[in-house]
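I have placed the structure first, in the form of structure tokens, so that the comments after it can refer back to it.
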Amino acid sequence: MTVELVGFGLVSFTAGTGLLVAARAVYPRLEVTPETRSSIQFLTAVIASVLVLAGVGLVLVGLAQ
């Protein structure tokens, strides 16, 4: 088990989850067109999913070693 990989994985997973939670609080306050809001939501979802999947991958690799 590599503690550094597990630690970075947990940080990445937490950052992705925190981004999704924060975005849900911010989206209703945005004064933008529906098309722009849709694009912002899509980009946020892509960034958060990359962070979460990278975090899960790092944790799995760290536990396998």
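Letters A, B, ... go to the chains of the structure tokens in the order shown; residues in each chain start at 1; ligands are counted from 1 in the same order.
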Item to check | Which of chain A fall in alpha helix (DSSP H), as a PyMOL selection string | outcome: chain A and resi 3-26+34-64
Any chance you can output those residues with C-alpha atoms as a PDB file, in the first residue's frame?
ATOM      1  CA  VAL A   3       0.129   6.010   1.373  1.00  0.00           C
ATOM      2  CA  GLU A   4       0.950   8.894  -0.979  1.00  0.00           C
ATOM      3  CA  LEU A   5      -1.192   7.503  -3.786  1.00  0.00           C
ATOM      4  CA  VAL A   6      -4.086   6.813  -1.443  1.00  0.00           C
ATOM      5  CA  GLY A   7      -3.764  10.310   0.031  1.00  0.00           C
ATOM      6  CA  PHE A   8      -3.705  12.048  -3.340  1.00  0.00           C
ATOM      7  CA  GLY A   9      -6.589   9.880  -4.488  1.00  0.00           C
ATOM      8  CA  LEU A  10      -8.692  10.845  -1.500  1.00  0.00           C
ATOM      9  CA  VAL A  11      -7.876  14.525  -2.041  1.00  0.00           C
ATOM     10  CA  SER A  12      -8.846  14.281  -5.711  1.00  0.00           C
ATOM     11  CA  PHE A  13     -12.062  12.422  -4.910  1.00  0.00           C
ATOM     12  CA  THR A  14     -12.982  14.966  -2.245  1.00  0.00           C
ATOM     13  CA  ALA A  15     -12.207  17.883  -4.570  1.00  0.00           C
ATOM     14  CA  GLY A  16     -14.462  16.464  -7.292  1.00  0.00           C
ATOM     15  CA  THR A  17     -17.296  15.839  -4.870  1.00  0.00           C
ATOM     16  CA  GLY A  18     -16.866  19.281  -3.311  1.00  0.00           C
ATOM     17  CA  LEU A  19     -16.943  20.896  -6.732  1.00  0.00           C
ATOM     18  CA  LEU A  20     -20.289  19.259  -7.492  1.00  0.00           C
ATOM     19  CA  VAL A  21     -21.757  20.327  -4.152  1.00  0.00           C
ATOM     20  CA  ALA A  22     -20.508  23.909  -4.540  1.00  0.00           C
ATOM     21  CA  ALA A  23     -21.774  24.098  -8.107  1.00  0.00           C
ATOM     22  CA  ARG A  24     -25.286  23.129  -7.037  1.00  0.00           C
ATOM     23  CA  ALA A  25     -25.303  26.100  -4.671  1.00  0.00           C
ATOM     24  CA  VAL A  26     -23.930  28.528  -7.275  1.00  0.00           C
ATOM     25  CA  PRO A  34     -30.084  28.848 -20.486  1.00  0.00           C
ATOM     26  CA  GLU A  35     -27.613  27.813 -23.188  1.00  0.00           C
ATOM     27  CA  THR A  36     -24.699  29.259 -21.246  1.00  0.00           C
ATOM     28  CA  ARG A  37     -25.881  27.642 -18.014  1.00  0.00           C
ATOM     29  CA  SER A  38     -26.114  24.295 -19.788  1.00  0.00           C
ATOM     30  CA  SER A  39     -22.539  24.648 -21.049  1.00  0.00           C
ATOM     31  CA  ILE A  40     -21.274  25.608 -17.599  1.00  0.00           C
ATOM     32  CA  GLN A  41     -23.043  22.639 -16.019  1.00  0.00           C
ATOM     33  CA  PHE A  42     -21.599  20.276 -18.624  1.00  0.00           C
ATOM     34  CA  LEU A  43     -18.039  21.552 -18.148  1.00  0.00           C
ATOM     35  CA  THR A  44     -18.366  21.359 -14.374  1.00  0.00           C
ATOM     36  CA  ALA A  45     -19.635  17.781 -14.625  1.00  0.00           C
ATOM     37  CA  VAL A  46     -16.731  16.804 -16.892  1.00  0.00           C
ATOM     38  CA  ILE A  47     -14.126  18.350 -14.572  1.00  0.00           C
ATOM     39  CA  ALA A  48     -15.703  16.786 -11.487  1.00  0.00           C
ATOM     40  CA  SER A  49     -15.948  13.359 -13.108  1.00  0.00           C
ATOM     41  CA  VAL A  50     -12.280  13.463 -14.104  1.00  0.00           C
ATOM     42  CA  LEU A  51     -11.323  14.368 -10.525  1.00  0.00           C
ATOM     43  CA  VAL A  52     -13.508  11.639  -9.016  1.00  0.00           C
ATOM     44  CA  LEU A  53     -12.364   8.935 -11.434  1.00  0.00           C
ATOM     45  CA  ALA A  54      -8.716   9.912 -11.030  1.00  0.00           C
ATOM     46  CA  GLY A  55      -9.155   9.802  -7.274  1.00  0.00           C
ATOM     47  CA  VAL A  56     -10.724   6.350  -7.357  1.00  0.00           C
ATOM     48  CA  GLY A  57      -7.977   5.120  -9.676  1.00  0.00           C
ATOM     49  CA  LEU A  58      -5.227   6.454  -7.457  1.00  0.00           C
ATOM     50  CA  VAL A  59      -6.766   4.871  -4.383  1.00  0.00           C
ATOM     51  CA  LEU A  60      -7.083   1.510  -6.129  1.00  0.00           C
ATOM     52  CA  VAL A  61      -3.519   1.614  -7.413  1.00  0.00           C
ATOM     53  CA  GLY A  62      -2.265   2.702  -3.993  1.00  0.00           C
ATOM     54  CA  LEU A  63      -4.078  -0.147  -2.267  1.00  0.00           C
ATOM     55  CA  ALA A  64      -2.891  -2.716  -4.809  1.00  0.00           C
TER      56      ALA A  64
END
